[in-house]
>>> print(open('target-v6.cif').read())   # mmCIF, C-alpha atoms and all ligand atoms
data_work
loop_
_atom_site.label_atom_id
_atom_site.label_comp_id
_atom_site.auth_asym_id
_atom_site.auth_seq_id
_atom_site.Cartn_x
_atom_site.Cartn_y
_atom_site.Cartn_z
CA MET A 1 -12.89 -35.30 -32.29
CA ASN A 2 -14.82 -33.56 -35.00
CA PRO A 3 -13.22 -30.39 -36.45
CA SER A 4 -16.48 -28.57 -35.81
CA THR A 5 -15.55 -28.66 -32.11
CA TRP A 6 -12.15 -27.05 -32.60
CA ARG A 7 -12.06 -23.53 -31.18
CA THR A 8 -8.27 -23.18 -31.00
CA TYR A 9 -5.77 -24.95 -33.23
CA LEU A 10 -1.98 -24.79 -32.84
CA VAL A 11 0.15 -25.03 -36.00
CA THR A 12 3.72 -25.91 -35.04
CA GLN A 13 6.82 -24.22 -36.43
CA SER A 14 10.04 -24.86 -34.51
CA SER A 15 11.88 -22.04 -36.27
CA LEU A 16 9.62 -19.63 -34.34
CA SER A 17 9.80 -21.30 -30.94
CA GLY A 18 13.20 -20.03 -29.76
CA ASP A 19 15.01 -22.57 -27.61
CA ARG A 20 11.79 -24.52 -26.90
CA SER A 21 11.20 -27.76 -28.82
CA THR A 22 7.96 -28.43 -30.72
CA PRO A 23 6.87 -31.10 -28.17
CA GLU A 24 7.44 -28.56 -25.36
CA ILE A 25 5.21 -26.04 -27.15
CA VAL A 26 2.60 -28.72 -27.83
CA ARG A 27 2.63 -29.79 -24.17
CA ALA A 28 2.11 -26.19 -23.01
CA ALA A 29 -0.69 -25.66 -25.54
CA ILE A 30 -2.43 -28.85 -24.44
CA ASP A 31 -2.21 -27.75 -20.81
CA GLY A 32 -3.62 -24.38 -21.85
CA GLY A 33 -6.66 -25.97 -23.47
CA ILE A 34 -5.86 -26.29 -27.19
CA ASP A 35 -8.31 -28.45 -29.22
CA ALA A 36 -6.12 -29.50 -32.16
CA VAL A 37 -2.46 -29.49 -33.18
CA GLN A 38 -0.99 -29.45 -36.69
CA LEU A 39 2.55 -30.73 -37.15
CA ARG A 40 3.96 -28.24 -39.67
CA ASP A 41 7.60 -27.53 -38.89
CA LYS A 42 8.50 -26.60 -42.45
CA GLY A 43 12.20 -26.81 -43.13
CA LEU A 44 12.88 -29.93 -41.08
CA GLU A 45 14.03 -33.17 -42.67
CA ALA A 46 11.37 -35.87 -42.97
CA ARG A 47 13.11 -38.05 -40.37
CA ASP A 48 13.07 -35.19 -37.82
CA ARG A 49 9.42 -34.43 -38.50
CA TYR A 50 8.66 -38.11 -38.06
CA GLU A 51 10.44 -38.31 -34.69
CA ILE A 52 8.84 -35.08 -33.47
CA GLY A 53 5.50 -36.31 -34.79
CA LEU A 54 5.72 -39.49 -32.74
CA GLU A 55 6.43 -37.46 -29.59
CA CYS A 56 3.54 -35.12 -30.33
CA LYS A 57 1.22 -38.06 -30.99
CA GLU A 58 1.88 -39.43 -27.50
CA LEU A 59 1.04 -36.05 -26.01
CA THR A 60 -2.09 -35.45 -28.06
CA ASP A 61 -3.39 -39.00 -27.60
CA ALA A 62 -3.01 -38.77 -23.83
CA ALA A 63 -4.99 -35.53 -23.84
CA GLY A 64 -7.66 -36.49 -26.39
CA VAL A 65 -6.49 -33.70 -28.72
CA ASP A 66 -6.49 -34.18 -32.52
CA LEU A 67 -3.14 -34.31 -34.33
CA ILE A 68 -3.05 -33.28 -38.00
CA VAL A 69 0.00 -33.42 -40.29
CA ASN A 70 0.67 -30.57 -42.69
CA ASP A 71 1.23 -31.46 -46.37
CA ARG A 72 2.43 -35.06 -46.03
CA VAL A 73 -0.03 -37.94 -46.30
CA ASP A 74 2.77 -40.48 -45.85
CA LEU A 75 3.87 -38.88 -42.60
CA ALA A 76 0.28 -38.75 -41.37
CA ARG A 77 0.04 -42.49 -41.89
CA ALA A 78 3.46 -43.19 -40.45
CA ILE A 79 2.65 -41.56 -37.11
CA ASP A 80 -1.01 -42.61 -37.16
CA ALA A 81 -2.17 -39.01 -37.05
CA ASP A 82 -5.85 -38.11 -37.05
CA GLY A 83 -5.56 -36.46 -40.42
CA VAL A 84 -3.77 -34.20 -42.85
CA HIS A 85 -3.94 -30.55 -43.87
CA LEU A 86 -3.52 -29.84 -47.60
CA GLY A 87 -2.95 -26.58 -49.42
CA GLN A 88 -3.77 -25.66 -53.00
CA SER A 89 -0.36 -26.96 -54.14
CA ASP A 90 -0.41 -30.17 -52.10
CA LEU A 91 -1.98 -33.52 -53.03
CA PRO A 92 -5.65 -33.22 -54.03
CA VAL A 93 -8.13 -33.85 -51.23
CA ALA A 94 -9.73 -36.78 -53.07
CA VAL A 95 -6.36 -38.51 -53.48
CA ALA A 96 -5.57 -38.08 -49.79
CA ARG A 97 -9.02 -39.49 -48.96
CA ASP A 98 -8.28 -42.60 -51.05
CA LEU A 99 -4.98 -43.06 -49.25
CA LEU A 100 -6.12 -42.31 -45.71
CA GLY A 101 -9.66 -43.67 -45.71
CA PRO A 102 -13.05 -42.35 -44.66
CA ASP A 103 -12.23 -41.73 -40.99
CA ALA A 104 -9.26 -39.43 -41.56
CA ILE A 105 -9.78 -35.72 -40.97
CA ILE A 106 -8.77 -33.85 -44.13
CA GLY A 107 -8.40 -30.09 -44.07
CA CYS A 108 -7.85 -27.83 -47.06
CA SER A 109 -6.49 -24.28 -47.31
CA THR A 110 -8.66 -21.84 -49.22
CA SER A 111 -8.83 -18.10 -49.54
CA THR A 112 -11.68 -17.66 -52.04
CA VAL A 113 -15.27 -18.86 -52.30
CA ALA A 114 -14.43 -20.84 -55.46
CA GLU A 115 -11.61 -22.73 -53.73
CA ALA A 116 -13.80 -23.35 -50.71
CA THR A 117 -16.75 -24.83 -52.59
CA ARG A 118 -14.39 -27.03 -54.63
CA ALA A 119 -12.63 -28.31 -51.50
CA GLU A 120 -15.98 -29.17 -49.95
CA ALA A 121 -17.10 -30.99 -53.11
CA ASP A 122 -13.80 -32.91 -53.12
CA GLY A 123 -14.53 -34.20 -49.62
CA ALA A 124 -12.64 -31.90 -47.25
CA ASP A 125 -13.78 -32.10 -43.62
CA TYR A 126 -12.82 -28.53 -42.75
CA LEU A 127 -11.28 -25.44 -44.36
CA GLY A 128 -8.34 -23.34 -43.22
CA VAL A 129 -9.09 -19.84 -44.51
CA GLY A 130 -6.49 -17.10 -44.65
CA ALA A 131 -4.44 -15.23 -44.30
CA VAL A 132 -7.11 -13.37 -42.34
CA TYR A 133 -4.68 -10.67 -41.18
CA GLY A 134 -1.13 -9.80 -42.15
CA THR A 135 1.38 -12.38 -41.01
CA SER A 136 5.12 -12.74 -41.08
CA SER A 137 5.04 -16.47 -40.34
CA LYS A 138 4.52 -17.36 -44.01
CA ASP A 139 4.76 -15.69 -47.42
CA VAL A 140 1.17 -15.39 -48.54
CA GLU A 141 0.03 -14.19 -51.96
CA GLU A 142 -2.87 -12.15 -50.65
CA SER A 143 -2.35 -8.50 -49.70
CA LYS A 144 -0.11 -7.99 -46.73
CA ASP A 145 -3.14 -6.89 -44.73
CA GLY A 146 -4.87 -10.24 -45.24
CA ILE A 147 -8.30 -11.10 -46.60
CA GLY A 148 -10.12 -9.89 -43.48
CA PRO A 149 -12.99 -11.39 -41.49
CA GLU A 150 -15.43 -10.34 -44.25
CA ARG A 151 -14.03 -13.07 -46.53
CA ILE A 152 -14.47 -15.56 -43.71
CA ARG A 153 -18.14 -14.65 -43.66
CA GLU A 154 -18.47 -15.09 -47.44
CA ILE A 155 -16.83 -18.51 -47.31
CA VAL A 156 -18.80 -19.63 -44.25
CA ASP A 157 -21.99 -18.70 -46.08
CA SER A 158 -20.99 -20.75 -49.13
CA VAL A 159 -20.08 -24.08 -47.50
CA SER A 160 -21.48 -26.50 -44.90
CA ILE A 161 -18.19 -27.68 -43.42
CA PRO A 162 -16.36 -25.98 -40.53
CA VAL A 163 -14.11 -23.03 -41.29
CA VAL A 164 -10.99 -22.22 -39.26
CA GLY A 165 -9.40 -18.79 -39.70
CA ILE A 166 -5.60 -18.55 -39.92
CA GLY A 167 -2.98 -15.86 -40.42
CA GLY A 168 -1.99 -13.05 -38.07
CA ILE A 169 -4.53 -14.08 -35.45
CA THR A 170 -3.85 -12.98 -31.89
CA VAL A 171 -5.76 -12.80 -28.64
CA GLU A 172 -6.70 -9.21 -29.56
CA ASN A 173 -8.11 -9.84 -33.05
CA ALA A 174 -9.52 -13.40 -32.79
CA GLY A 175 -13.02 -12.13 -31.93
CA PRO A 176 -14.12 -10.91 -35.38
CA VAL A 177 -12.94 -14.18 -36.94
CA VAL A 178 -15.33 -16.23 -34.80
CA GLN A 179 -18.05 -13.59 -35.04
CA SER A 180 -17.85 -14.03 -38.81
CA GLY A 181 -18.86 -17.66 -38.45
CA ALA A 182 -15.49 -19.41 -38.20
CA THR A 183 -15.69 -22.33 -35.80
CA GLY A 184 -12.19 -21.64 -34.53
CA VAL A 185 -8.82 -20.00 -35.03
CA ALA A 186 -5.48 -21.52 -36.00
CA VAL A 187 -2.26 -19.83 -34.91
CA ILE A 188 1.48 -20.25 -35.10
CA SER A 189 3.16 -17.25 -33.52
CA ALA A 190 0.49 -16.25 -31.00
CA ILE A 191 1.39 -19.41 -29.08
CA THR A 192 4.73 -20.61 -30.48
CA ALA A 193 6.57 -17.30 -30.18
CA ALA A 194 4.96 -16.29 -26.88
CA ASP A 195 7.13 -15.96 -23.75
CA ASP A 196 4.70 -18.29 -22.01
CA PRO A 197 2.92 -20.58 -24.53
CA PHE A 198 0.73 -22.03 -21.77
CA GLU A 199 -0.62 -18.62 -20.74
CA ALA A 200 -0.89 -17.55 -24.38
CA THR A 201 -3.06 -20.59 -25.14
CA GLU A 202 -5.23 -20.00 -22.09
CA SER A 203 -5.78 -16.38 -23.13
CA LEU A 204 -6.63 -17.35 -26.71
CA VAL A 205 -9.06 -20.05 -25.56
CA GLU A 206 -10.70 -17.54 -23.23
CA ALA A 207 -10.90 -14.86 -25.93
CA VAL A 208 -12.62 -17.20 -28.39
CA GLU A 209 -14.98 -18.64 -25.78
CA SER A 210 -15.89 -15.20 -24.48
CA VAL A 211 -16.93 -14.05 -27.95
CA LEU A 212 -19.29 -17.00 -28.13
CA GLU A 213 -20.52 -16.25 -24.60
CA ASP A 214 -21.06 -12.56 -25.40
CA ALA A 215 -23.00 -13.50 -28.49
CA ARG A 216 -25.27 -15.60 -26.29
CA GLY A 217 -25.76 -12.70 -23.88
CA THR A 218 -26.32 -9.86 -26.33
CA ASN A 219 -29.10 -11.31 -28.42
CA GLY A 220 -30.72 -13.26 -25.61
CA ARG A 221 -31.08 -16.37 -27.75
CA ARG A 222 -29.46 -19.68 -27.18
CA VAL A 223 -26.42 -20.20 -29.36
CA THR A 224 -25.49 -23.63 -30.58
CA THR A 225 -22.64 -24.62 -32.78
CA GLY A 226 -24.82 -26.69 -35.11
CA GLU A 227 -23.65 -29.56 -37.26
CA THR A 228 -20.96 -27.52 -38.94
CA GLY A 229 -19.79 -26.01 -35.66
CA LYS A 230 -20.68 -22.52 -36.86
CA ALA A 231 -21.96 -20.32 -34.08
CA VAL A 232 -25.64 -20.14 -34.97
CA ASP A 233 -28.92 -19.23 -33.39
CA ASP A 234 -32.42 -19.03 -34.77
CA GLY A 235 -31.38 -15.94 -36.70
CA GLY A 236 -28.63 -17.81 -38.56
CA VAL A 237 -24.87 -17.49 -38.29
CA LEU A 238 -24.04 -14.93 -35.61
CA GLU A 239 -23.52 -11.32 -36.65
C1 LIG B 1 -5.40 -24.61 -40.59
C2 LIG B 1 -4.49 -24.29 -41.71
N1 LIG B 1 -4.92 -23.49 -42.68
C3 LIG B 1 -4.11 -23.16 -43.71
C4 LIG B 1 -2.83 -23.67 -43.76
C5 LIG B 1 -1.92 -23.36 -44.91
O1 LIG B 1 -1.65 -24.52 -45.68
P1 LIG B 1 -0.85 -24.39 -47.06
O2 LIG B 1 -1.57 -23.40 -47.90
O3 LIG B 1 -0.63 -25.71 -47.63
O4 LIG B 1 0.53 -23.76 -46.62
P2 LIG B 1 1.63 -24.43 -45.70
O5 LIG B 1 1.14 -24.39 -44.29
O6 LIG B 1 1.82 -25.83 -46.15
O7 LIG B 1 2.83 -23.58 -45.89
C6 LIG B 1 -2.42 -24.52 -42.72
N2 LIG B 1 -1.18 -25.05 -42.71
N3 LIG B 1 -3.25 -24.81 -41.71
C1 LIG B 2 0.59 -21.49 -42.06
C2 LIG B 2 -0.21 -20.36 -42.55
N1 LIG B 2 -1.11 -20.49 -43.55
C3 LIG B 2 -1.69 -19.34 -43.85
C4 LIG B 2 -2.69 -19.18 -44.92
O1 LIG B 2 -3.11 -18.06 -45.17
O2 LIG B 2 -3.05 -20.19 -45.50
S1 LIG B 2 -1.17 -18.04 -42.91
C5 LIG B 2 -0.12 -19.06 -42.07
C6 LIG B 2 0.76 -18.56 -40.99
C7 LIG B 2 0.04 -18.47 -39.66
O3 LIG B 2 0.95 -18.05 -38.70
P1 LIG B 2 0.63 -16.90 -37.67
O4 LIG B 2 -0.43 -17.39 -36.78
O5 LIG B 2 1.92 -16.71 -36.93
O6 LIG B 2 0.25 -15.68 -38.45
MG MG B 3 0.76 -27.09 -47.52
#
>>> encode(input="target-v6.cif", output="structure tokens")
Amino acid sequence: MNPSTWRTYLVTQSSLSGDRSTPEIVRAAIDGGIDAVQLRDKGLEARDRYEIGLECKELTDAAGVDLIVNDRVDLARAIDADGVHLGQSDLPVAVARDLLGPDAIIGCSTSTVAEATRAEADGADYLGVGAVYGTSSKDVEESKDGIGPERIREIVDSVSIPVVGIGGITVENAGPVVQSGATGVAVISAITAADDPFEATESLVEAVESVLEDARGTNGRRVTTGETGKAVDDGGVLE
């Protein structure tokens, strides 16, 4: 799949999933309609991430869902993942591209316009932008309130590749992220820590889709998701 088609993106973290395993959470998210999964699971040994990755790959392949590996290009290759997600302290995008080849999906974390334009120039296929809202799932340098949907808009306006919002996103606050031009939302806790990860995914999928639907209805113009996947109409990226 192309990241421009991702509306909802699960980032795994077994330390937040209670007594459920990462493959169990991934299975529930797939059944609930998730578009992409990122194997993150920070804190696990490489061998454990590899084994879990192989299990997840079977699940995502069977469902036609993309599987991305966080941080580790070697692990992405080892489990034949669809790509890798790199942060500002991980391997450079161009190096990962050399190692993984032209077909791999390479995502890059950015929180400023300067980082975003550089990642695009380096060959990233999509951007993870955050933390949009405050999150307790990761220590982020930005203010504890997050960078807000306004920064999403600034970054969307400065690049041509898809932008996925991440950080503190829930079913209640996902709307403004997509309305700001993000093609989708990435979440850990909204699905992983939910009592029912299947229902949580369904609700998130519905929330994101309904924002796009509402945008179609309110301005009366046909909305497409364009080449970059941004929600656009003939007036530009949706307000
Ligand atoms: C979709 C997405 N966006 C951002 C991140 C964060 O990546 P990074 O900054 O490298 O931090 P870690 O996740 O590695 O702690 C992400 N993982 N996914
Ligand atoms: C993994 C990650 N990266 C972030 C960034 O800002 O780059 S925020 C984050 C944590 C996302 O978890 P939750 O959905 O539970 O807030
Ligand atoms: Mg990283």
>>> residues_near_ligand(input="target-v6.cif", ligand="ligand MG 3 (chain B)", cutoff="8 Å", atoms="only C-alpha atoms and all ligand atoms", output="VMD selection string")
chain A and resid 70 to 71 85 to 90 109
>>> residues_near_ligand(input="target-v6.cif", ligand="ligand LIG 1 (chain B)", cutoff="10 Å", atoms="all atoms listed in the file", output="ChimeraX atom specification")
/A:9-13,36-42,68-72,84-91,107-111,126-131,137-140,163-167,184-188
>>> residues_around(input="target-v6.cif", residues="Ala104 of chain A", least_positions_apart="4", cutoff="6 Å", atoms="only C-alpha atoms", output="PyMOL selection string")
chain A and resi 82-83+100
>>> closest_residue(input="target-v6.cif", among="A:Ala190, A:Leu44, A:Val177, A:Cys56", to="Asp80 of chain A", atoms="only C-alpha atoms")
A:Cys56
>>> closest_residue(input="target-v6.cif", among="A:Glu55, A:Pro162, A:Thr192, A:Asp48", to="ligand LIG 2 (chain B)", atoms="all atoms listed in the file")
A:Thr192
>>> closest_residue(input="target-v6.cif", among="A:Gly181, A:Pro197, A:Gly175, A:Gly134", to="ligand LIG 2 (chain B)", atoms="all atoms listed in the file")
A:Gly134
>>> closest_residue(input="target-v6.cif", among="A:Thr135, A:Ser160, A:Thr8, A:Asn173", to="Glu120 of chain A", atoms="all atoms listed in the file")
A:Ser160
>>> residues_around(input="target-v6.cif", residues="Val93 of chain A", least_positions_apart="3", cutoff="8 Å", atoms="all atoms listed in the file", output="number ranges by chain")
A: 86, 96-97, 106, 108, 119, 122-124
>>> axis_aligned_box(input="target-v6.cif", around="ligand LIG 2 (chain B)", padding_each_side="8 Å", output="AutoDock Vina command-line options")
--center_x -0.6 --center_y -18.6 --center_z -41.1 --size_x 21.0 --size_y 21.8 --size_z 24.7
>>> atom_distance(input="target-v6.cif", atom1="atom CA of Asp74 of chain A", atom2="atom N1 of ligand LIG 2 (chain B)")
20.5 Å
>>> closest_residue(input="target-v6.cif", among="A:Ser14, A:Thr117, A:Gln179, A:Thr170", to="Ser158 of chain A", atoms="all atoms listed in the file")
A:Thr117
>>> closest_residue(input="target-v6.cif", among="A:Asp103, A:Glu202, A:Asp61, A:Asp145", to="ligand LIG 2 (chain B)", atoms="all atoms listed in the file")
A:Asp145
>>> atom_distance(input="target-v6.cif", atom1="atom CA of Ala193 of chain A", atom2="atom C1 of ligand LIG 2 (chain B)")
13.9 Å
>>> atom_distance(input="target-v6.cif", atom1="atom CA of Ala63 of chain A", atom2="atom CA of Ile34 of chain A")
9.9 Å
>>> residues_near_point(input="target-v6.cif", point="(-11.9, -14.8, -40.0)", cutoff="7 Å", atoms="only C-alpha atoms", output="PyMOL selection string")
chain A and resi 132+148-149+152+165+176-178+180+182
>>> write_last_selection(input="target-v6.cif", atoms="C-alpha atoms", output="PDB file, keeping the file's coordinate frame")
ATOM      1  CA  VAL A 132      -7.110 -13.370 -42.340  1.00  0.00           C
ATOM      2  CA  GLY A 148     -10.120  -9.890 -43.480  1.00  0.00           C
ATOM      3  CA  PRO A 149     -12.990 -11.390 -41.490  1.00  0.00           C
ATOM      4  CA  ILE A 152     -14.470 -15.560 -43.710  1.00  0.00           C
ATOM      5  CA  GLY A 165      -9.400 -18.790 -39.700  1.00  0.00           C
ATOM      6  CA  PRO A 176     -14.120 -10.910 -35.380  1.00  0.00           C
ATOM      7  CA  VAL A 177     -12.940 -14.180 -36.940  1.00  0.00           C
ATOM      8  CA  VAL A 178     -15.330 -16.230 -34.800  1.00  0.00           C
ATOM      9  CA  SER A 180     -17.850 -14.030 -38.810  1.00  0.00           C
ATOM     10  CA  ALA A 182     -15.490 -19.410 -38.200  1.00  0.00           C
TER      11      ALA A 182
END
>>> residues_around(input="target-v6.cif", residues="Thr112 of chain A", least_positions_apart="2", cutoff="8 Å", atoms="only C-alpha atoms", output="ChimeraX atom specification")
/A:110,114-116,151,155
